[in-house]
$ cat data.cif   # mmCIF, C-alpha atoms
data_run
#
loop_
_atom_site.label_atom_id
_atom_site.label_comp_id
_atom_site.auth_asym_id
_atom_site.auth_seq_id
_atom_site.Cartn_x
_atom_site.Cartn_y
_atom_site.Cartn_z
CA MET J 175 -84.59 151.70 -58.02
CA ASP J 176 -81.47 153.66 -58.84
CA LEU J 177 -79.25 153.40 -55.74
CA SER J 178 -76.51 155.68 -57.03
CA PHE J 179 -77.62 158.49 -54.71
CA VAL J 180 -77.37 156.28 -51.57
CA THR J 181 -74.03 156.97 -49.91
CA GLU J 182 -74.52 154.86 -46.78
CA LEU J 183 -76.16 151.51 -45.99
CA SER J 184 -76.52 150.87 -42.27
CA ALA J 185 -76.96 147.30 -40.99
CA PRO J 186 -77.62 147.62 -37.24
CA ARG J 187 -77.46 144.57 -34.96
CA SER J 188 -79.03 146.27 -31.94
CA ARG J 189 -80.83 149.48 -31.08
CA ASP J 190 -77.56 151.03 -30.01
CA ASP J 191 -76.31 150.61 -33.58
CA LEU J 192 -79.10 152.72 -35.10
CA PRO J 193 -77.64 155.89 -36.60
CA ALA J 194 -78.66 159.32 -35.38
CA PRO J 195 -81.51 160.79 -37.43
CA GLU J 196 -80.56 163.07 -40.27
CA PRO J 197 -82.24 164.24 -43.49
CA GLY J 198 -82.20 161.66 -46.25
CA THR J 199 -82.46 158.60 -44.00
CA ALA J 200 -84.97 155.86 -44.78
CA PHE J 201 -85.71 152.75 -42.74
CA LEU J 202 -85.82 149.63 -44.90
CA ALA J 203 -88.25 146.90 -43.78
CA GLY J 204 -89.58 145.07 -46.83
CA GLY J 205 -88.75 147.76 -49.37
CA THR J 206 -91.48 146.85 -51.88
CA TRP J 207 -92.64 150.46 -52.08
CA LEU J 208 -89.21 152.01 -51.51
CA TYR J 209 -87.77 150.15 -54.49
CA SER J 210 -90.81 150.69 -56.69
CA GLU J 211 -90.00 154.25 -57.77
CA PRO J 212 -87.13 156.74 -57.69
CA GLN J 213 -86.30 158.13 -54.23
CA PRO J 214 -83.91 161.00 -55.02
CA THR J 215 -84.10 162.48 -51.50
CA ILE J 216 -82.76 159.32 -49.83
CA THR J 217 -79.04 159.15 -49.18
CA ARG J 218 -78.92 156.59 -46.35
CA LEU J 219 -80.75 153.27 -45.91
CA VAL J 220 -81.08 151.62 -42.50
CA ASP J 221 -81.82 147.91 -42.96
CA LEU J 222 -84.09 146.83 -40.11
CA ALA J 223 -83.91 143.17 -41.14
CA THR J 224 -80.43 142.92 -39.63
CA LEU J 225 -81.93 143.53 -36.17
CA ASP J 226 -83.32 139.98 -36.48
CA TRP J 227 -86.58 140.57 -34.63
CA PRO J 228 -88.80 137.46 -34.17
CA ALA J 229 -91.55 137.89 -36.76
CA ILE J 230 -94.45 136.51 -34.68
CA THR J 231 -94.69 135.85 -30.96
CA VAL J 232 -97.76 134.37 -29.24
CA HIS J 233 -98.44 135.64 -25.71
CA ASP J 234 -101.26 134.91 -23.27
CA ASP J 235 -102.59 138.43 -23.81
CA GLY J 236 -102.33 138.46 -27.59
CA LEU J 237 -100.10 138.40 -30.63
CA GLU J 238 -96.95 140.42 -31.17
CA LEU J 239 -95.78 141.13 -34.72
CA ALA J 240 -92.39 142.60 -35.45
CA ALA J 241 -92.55 145.59 -37.76
CA THR J 242 -90.48 143.51 -40.19
CA CYS J 243 -92.96 140.59 -40.16
CA THR J 244 -93.83 139.86 -43.78
CA ILE J 245 -97.39 139.54 -45.02
CA GLU J 246 -96.58 135.97 -46.04
CA ASN J 247 -95.51 135.11 -42.48
CA LEU J 248 -98.64 136.73 -41.08
CA CYS J 249 -100.99 134.78 -43.34
CA ASN J 250 -99.28 131.41 -42.88
CA ALA J 251 -98.52 131.44 -39.16
CA PRO J 252 -100.06 128.64 -37.05
CA LEU J 253 -102.06 130.43 -34.36
CA PRO J 254 -104.43 129.37 -31.54
CA ALA J 255 -107.75 128.07 -32.88
CA GLU J 256 -109.73 130.21 -30.43
CA TRP J 257 -108.37 133.32 -32.13
CA THR J 258 -111.17 133.29 -34.69
CA ALA J 259 -110.48 136.85 -35.86
CA THR J 260 -107.30 135.67 -37.55
CA ASN J 261 -109.59 134.80 -40.46
CA LEU J 262 -109.23 138.50 -41.36
CA PHE J 263 -105.50 138.15 -42.06
CA ARG J 264 -105.63 136.62 -45.53
CA PRO J 265 -108.64 138.60 -46.90
CA CYS J 266 -107.00 141.85 -45.80
CA ALA J 267 -103.73 140.81 -47.42
CA GLU J 268 -105.55 139.88 -50.62
CA SER J 269 -107.14 143.32 -50.76
CA LEU J 270 -103.63 144.72 -51.38
CA VAL J 271 -103.90 143.23 -54.91
CA ALA J 272 -100.27 142.11 -54.71
CA SER J 273 -98.60 138.97 -55.99
CA TRP J 274 -97.09 136.29 -53.76
CA LYS J 275 -93.70 137.80 -54.54
CA ILE J 276 -94.79 141.01 -52.81
CA TRP J 277 -96.23 139.06 -49.86
CA HIS J 278 -92.85 137.35 -49.48
CA THR J 279 -91.09 140.69 -48.92
CA ALA J 280 -93.60 143.39 -47.92
CA SER J 281 -93.78 144.00 -44.18
CA VAL J 282 -96.68 144.77 -41.88
CA GLY J 283 -94.82 147.71 -40.36
CA GLY J 284 -93.93 149.10 -43.76
CA ASN J 285 -97.56 149.09 -44.84
CA LEU J 286 -98.52 150.93 -41.66
CA ALA J 287 -95.75 153.51 -41.98
CA LEU J 288 -96.60 154.19 -45.63
CA ALA J 289 -100.05 155.32 -44.39
CA LEU J 290 -101.90 154.92 -47.67
CA PRO J 291 -105.69 155.14 -47.31
CA ALA J 292 -105.96 151.67 -48.87
CA GLY J 293 -103.23 150.21 -46.65
CA ALA J 294 -104.80 146.86 -45.81
CA MET J 295 -102.60 146.22 -42.78
CA ILE J 296 -103.96 149.49 -41.38
CA THR J 297 -107.47 148.11 -41.80
CA LEU J 298 -106.53 144.82 -40.17
CA CYS J 299 -104.76 146.41 -37.21
CA CYS J 300 -107.49 148.98 -36.57
CA ALA J 301 -110.16 146.26 -36.76
CA LEU J 302 -108.34 144.25 -34.09
CA ASP J 303 -107.51 147.15 -31.74
CA ALA J 304 -103.79 146.87 -32.40
CA GLU J 305 -101.28 149.00 -30.53
CA LEU J 306 -97.88 150.01 -31.86
CA LEU J 307 -94.66 150.10 -29.91
CA LEU J 308 -92.63 153.00 -31.33
CA TRP J 309 -88.94 153.54 -30.78
CA THR J 310 -88.32 157.26 -30.60
CA ALA J 311 -85.21 158.98 -31.88
CA ASP J 312 -84.23 160.12 -28.37
CA GLY J 313 -83.85 156.51 -27.20
CA GLY J 314 -87.28 156.24 -25.58
CA GLU J 315 -90.43 154.45 -26.61
CA ARG J 316 -94.16 155.01 -26.64
CA ARG J 317 -97.32 153.10 -27.49
CA VAL J 318 -99.93 154.35 -29.92
CA PRO J 319 -103.22 152.72 -31.02
CA VAL J 320 -103.16 152.16 -34.78
CA ASP J 321 -106.37 154.14 -35.29
CA ARG J 322 -104.50 157.21 -33.98
CA PHE J 323 -101.24 156.45 -35.77
CA VAL J 324 -102.29 157.54 -39.28
CA THR J 325 -103.32 161.20 -39.42
CA ASP J 326 -103.71 161.86 -43.17
CA PRO J 327 -102.76 160.16 -46.44
CA GLY J 328 -99.04 159.45 -46.20
CA ARG J 329 -98.77 161.03 -42.73
CA THR J 330 -98.35 159.44 -39.31
CA VAL J 331 -97.38 160.47 -35.79
CA LEU J 332 -93.80 159.29 -36.40
CA GLY J 333 -91.20 161.98 -35.86
CA ALA J 334 -87.82 162.17 -37.55
CA GLY J 335 -85.82 159.10 -36.58
CA ASP J 336 -88.79 157.32 -34.97
CA LEU J 337 -89.64 153.80 -36.12
CA ILE J 338 -92.20 151.07 -35.51
CA ARG J 339 -90.76 148.27 -33.40
CA SER J 340 -93.78 145.98 -33.07
CA ILE J 341 -97.55 145.61 -33.30
CA HIS J 342 -99.62 144.05 -30.51
CA LEU J 343 -103.02 142.48 -31.26
CA PRO J 344 -104.96 141.84 -28.02
CA ALA J 345 -106.39 138.38 -27.36
CA THR J 346 -109.86 139.79 -26.63
CA ALA J 347 -110.13 141.18 -30.15
CA LEU J 348 -108.56 138.06 -31.67
CA ARG J 349 -111.37 135.97 -30.16
CA GLY J 350 -114.05 138.08 -31.83
CA ARG J 351 -116.29 137.39 -34.81
CA THR J 352 -115.37 139.47 -37.85
CA SER J 353 -116.58 140.54 -41.26
CA LEU J 354 -114.79 142.32 -44.13
CA ARG J 355 -116.08 144.20 -47.17
CA LYS J 356 -114.18 145.77 -50.05
CA ILE J 357 -115.24 147.63 -53.16
CA ALA J 358 -113.17 149.01 -56.03
CA TYR J 359 -113.79 150.47 -59.48
CA SER J 360 -112.43 147.25 -61.02
CA PRO J 361 -112.13 143.66 -59.72
CA LEU J 362 -108.36 143.99 -59.27
CA GLY J 363 -108.28 147.72 -58.52
CA ARG J 364 -107.10 149.53 -55.43
CA SER J 365 -109.75 149.61 -52.71
CA GLY J 366 -112.24 152.44 -52.95
CA ALA J 367 -113.60 151.43 -49.55
CA LEU J 368 -112.40 148.73 -47.16
CA LEU J 369 -114.44 148.12 -44.01
CA ALA J 370 -114.13 145.58 -41.21
CA GLY J 371 -116.47 144.77 -38.35
CA ARG J 372 -115.85 142.89 -35.13
CA VAL J 373 -118.08 141.62 -32.33
CA ASP J 374 -116.56 140.46 -29.05
CA ALA J 375 -117.06 140.70 -25.31
CA ASP J 376 -116.53 144.47 -25.46
CA GLY J 377 -119.23 145.12 -28.08
CA PHE J 378 -119.24 145.98 -31.78
CA ALA J 379 -116.57 147.92 -33.66
CA LEU J 380 -116.67 149.09 -37.27
CA THR J 381 -113.45 150.16 -39.01
CA VAL J 382 -113.68 152.40 -42.08
CA THR J 383 -110.64 152.76 -44.32
CA ALA J 384 -109.68 153.38 -47.97
CA SER J 385 -112.72 155.61 -48.51
CA THR J 386 -111.48 158.12 -45.94
CA VAL J 387 -108.34 160.22 -45.50
CA ARG J 388 -107.51 158.34 -42.29
CA PRO J 389 -108.94 155.33 -40.47
CA PHE J 390 -112.11 155.71 -38.43
CA VAL J 391 -113.25 153.21 -35.79
CA LEU J 392 -116.85 153.42 -34.56
CA ARG J 393 -117.63 151.57 -31.33
CA PHE J 394 -120.94 150.43 -29.86
CA PRO J 395 -121.84 148.40 -26.73
CA ALA J 396 -123.62 145.90 -29.00
CA VAL J 397 -124.44 145.53 -32.69
CA PRO J 398 -126.52 148.66 -33.42
CA GLY J 399 -129.67 148.92 -35.47
CA PRO J 400 -129.41 150.19 -39.05
CA ASP J 401 -130.57 153.72 -38.22
CA VAL J 402 -128.13 154.09 -35.33
CA LEU J 403 -125.25 152.88 -37.49
CA SER J 404 -126.18 155.22 -40.35
CA GLU J 405 -126.49 158.21 -38.02
CA SER J 406 -123.16 157.38 -36.37
CA LEU J 407 -121.40 157.24 -39.73
CA SER J 408 -122.78 160.67 -40.61
CA GLU J 409 -121.86 162.15 -37.24
CA ARG J 410 -118.36 160.68 -36.96
CA ILE J 411 -117.21 161.00 -40.58
CA SER J 412 -117.83 164.33 -42.28
CA PRO J 413 -118.14 164.68 -46.09
CA ASP J 414 -114.70 166.35 -46.06
CA ASP J 415 -113.17 163.20 -44.57
CA TYR J 416 -113.94 161.19 -47.70
CA LEU J 417 -111.22 160.93 -50.29
CA THR J 418 -111.29 161.80 -53.99
CA ASP J 419 -108.57 160.37 -56.22
CA ALA J 420 -108.19 158.12 -59.27
CA HIS J 421 -109.68 155.21 -57.33
CA GLY J 422 -112.96 156.88 -56.42
CA ALA J 423 -114.86 160.13 -55.92
CA ALA J 424 -115.74 161.25 -52.40
CA ASP J 425 -119.54 161.12 -52.89
CA TRP J 426 -119.33 157.57 -54.30
CA ARG J 427 -117.06 156.50 -51.47
CA ARG J 428 -119.39 157.95 -48.88
CA HIS J 429 -122.35 156.10 -50.39
CA VAL J 430 -120.64 152.71 -50.67
CA THR J 431 -119.25 153.06 -47.15
CA GLY J 432 -122.81 153.17 -45.88
CA VAL J 433 -123.82 150.18 -48.00
CA LEU J 434 -120.89 148.04 -46.89
CA ALA J 435 -121.30 149.05 -43.25
CA GLU J 436 -124.90 147.86 -43.31
CA GLU J 437 -123.84 144.54 -44.88
CA ILE J 438 -121.33 144.02 -42.09
CA ARG J 439 -123.90 145.00 -39.44
CA ARG J 440 -126.39 142.45 -40.76
CA GLU J 441 -123.77 139.70 -40.96
CA LEU J 442 -122.62 140.20 -37.36
CA GLU J 443 -126.03 140.98 -35.86
#
$ encode --input "data.cif" --output "structure tokens"
Amino acid sequence: MDLSFVTELSAPRSRDDLPAPEPGTAFLAGGTWLYSEPQPTITRLVDLATLDWPAITVHDDGLELAATCTIENLCNAPLPAEWTATNLFRPCAESLVASWKIWHTASVGGNLALALPAGAMITLCCALDAELLLWTADGGERRVPVDRFVTDPGRTVLGAGDLIRSIHLPATALRGRTSLRKIAYSPLGRSGALLAGRVDADGFALTVTASTVRPFVLRFPAVPGPDVLSESLSERISPDDYLTDAHGAADWRRHVTGVLAEEIRRELE
């Protein structure tokens, strides 16, 4: 990336050091997307790595990930054996179709903030009922479930100067049984549909991403029958919610979403 247009690089050591929001500011977590193409509107970079947040913290009630936690750290962390749903971490990361070099730098928070339909960390976090802690520009904070964080392709609930501080994955979801399905036009192509299912003490949850403009999570008290699942998909996700781009047409994505959802239902039944 050409950095000649960047006139300021901020390296905060605490929240008090974060600069006031202004046009042209970008928060730098991993930077794998930021550095991948010209960013002529950016004049100031705020390096979040200098805040030195612990990447992964295990609590009794779940797992806390710093926004700057890399995908490599996430996939290689030693975690409690009873958290069986951590078997989703690596398959979701692999669906990004990125080399180990990207895993070494790309951050979980950056993938969430980018809000791409095929953002695999979005899939993972929605599938495990993750909640985000957001630092707001006015010095406050708020918590937002990940399935309500992304509103459209490339759009989130973040306001100017807001940033993701951490991601909390609850222990109840981490103890669940899970299943993941992906389909793409080519074996190494961007996901045309990426679905995850989870069964735990609270019931059955199906997460639909990549095929839709934003994530959808369908919840049931138990694993539903095939007809109930199919009807719920039709009721909850309208034809207009399916995405058309170079990686798939909306009608194809709607069809394969139903096929993959049924595969997940059968596996977890």
$ residues_around --input "data.cif" --residues "J:Gly313" --least-positions-apart "6" --cutoff "10 Å" --atoms "all atoms listed in the file" --output "PyMOL selection string"
chain J and resi 189-190+192+335-336
$ residues_around --input "data.cif" --residues "stretch 250-264 of chain J" --least-positions-apart "4" --cutoff "12 Å" --atoms "only C-alpha atoms" --output "ChimeraX atom specification"
/J:229-239,243-246,268-272,274,277-278,282,294-303,343-355,369-374
$ resolve_selection --input "data.cif" --expression "the PyMOL selection byres ((chain J and resi 398) around 12)" --output "PyMOL selection string"
chain J and resi 371+373+377-380+392-397+399-407+435-436+438-440+442-443
$ write_last_selection --input "data.cif" --atoms "C-alpha atoms" --output "CSV table (one decimal), in the frame of the given file"
chain,number,residue,atom,x,y,z
J,371,GLY,CA,-116.5,144.8,-38.4
J,373,VAL,CA,-118.1,141.6,-32.3
J,377,GLY,CA,-119.2,145.1,-28.1
J,378,PHE,CA,-119.2,146.0,-31.8
J,379,ALA,CA,-116.6,147.9,-33.7
J,380,LEU,CA,-116.7,149.1,-37.3
J,392,LEU,CA,-116.8,153.4,-34.6
J,393,ARG,CA,-117.6,151.6,-31.3
J,394,PHE,CA,-120.9,150.4,-29.9
J,395,PRO,CA,-121.8,148.4,-26.7
J,396,ALA,CA,-123.6,145.9,-29.0
J,397,VAL,CA,-124.4,145.5,-32.7
J,399,GLY,CA,-129.7,148.9,-35.5
J,400,PRO,CA,-129.4,150.2,-39.0
J,401,ASP,CA,-130.6,153.7,-38.2
J,402,VAL,CA,-128.1,154.1,-35.3
J,403,LEU,CA,-125.2,152.9,-37.5
J,404,SER,CA,-126.2,155.2,-40.4
J,405,GLU,CA,-126.5,158.2,-38.0
J,406,SER,CA,-123.2,157.4,-36.4
J,407,LEU,CA,-121.4,157.2,-39.7
J,435,ALA,CA,-121.3,149.0,-43.2
J,436,GLU,CA,-124.9,147.9,-43.3
J,438,ILE,CA,-121.3,144.0,-42.1
J,439,ARG,CA,-123.9,145.0,-39.4
J,440,ARG,CA,-126.4,142.4,-40.8
J,442,LEU,CA,-122.6,140.2,-37.4
J,443,GLU,CA,-126.0,141.0,-35.9
$ resolve_selection --input "data.cif" --expression "the PyMOL selection byres ((chain J and resi 364) around 9)" --output "PDB file with C-alpha atoms, keeping the file's coordinate frame"
ATOM      1  CA  SER J 269    -107.140 143.320 -50.760  1.00  0.00           C
ATOM      2  CA  LEU J 270    -103.630 144.720 -51.380  1.00  0.00           C
ATOM      3  CA  VAL J 271    -103.900 143.230 -54.910  1.00  0.00           C
ATOM      4  CA  ALA J 292    -105.960 151.670 -48.870  1.00  0.00           C
ATOM      5  CA  ILE J 357    -115.240 147.630 -53.160  1.00  0.00           C
ATOM      6  CA  ALA J 358    -113.170 149.010 -56.030  1.00  0.00           C
ATOM      7  CA  TYR J 359    -113.790 150.470 -59.480  1.00  0.00           C
ATOM      8  CA  SER J 360    -112.430 147.250 -61.020  1.00  0.00           C
ATOM      9  CA  PRO J 361    -112.130 143.660 -59.720  1.00  0.00           C
ATOM     10  CA  LEU J 362    -108.360 143.990 -59.270  1.00  0.00           C
ATOM     11  CA  GLY J 363    -108.280 147.720 -58.520  1.00  0.00           C
ATOM     12  CA  SER J 365    -109.750 149.610 -52.710  1.00  0.00           C
ATOM     13  CA  GLY J 366    -112.240 152.440 -52.950  1.00  0.00           C
ATOM     14  CA  ALA J 367    -113.600 151.430 -49.550  1.00  0.00           C
ATOM     15  CA  ALA J 384    -109.680 153.380 -47.970  1.00  0.00           C
ATOM     16  CA  HIS J 421    -109.680 155.210 -57.330  1.00  0.00           C
TER      17      HIS J 421
END
$ closest_residue --input "data.cif" --among "J:Ala203, J:Val382, J:Leu225, J:Val331" --to "J:Asp191" --atoms "all atoms listed in the file"
J:Leu225
$ atom_distance --input "data.cif" --atom1 "atom CA of J:Ala424" --atom2 "atom CA of J:Ala304"
27.4 Å
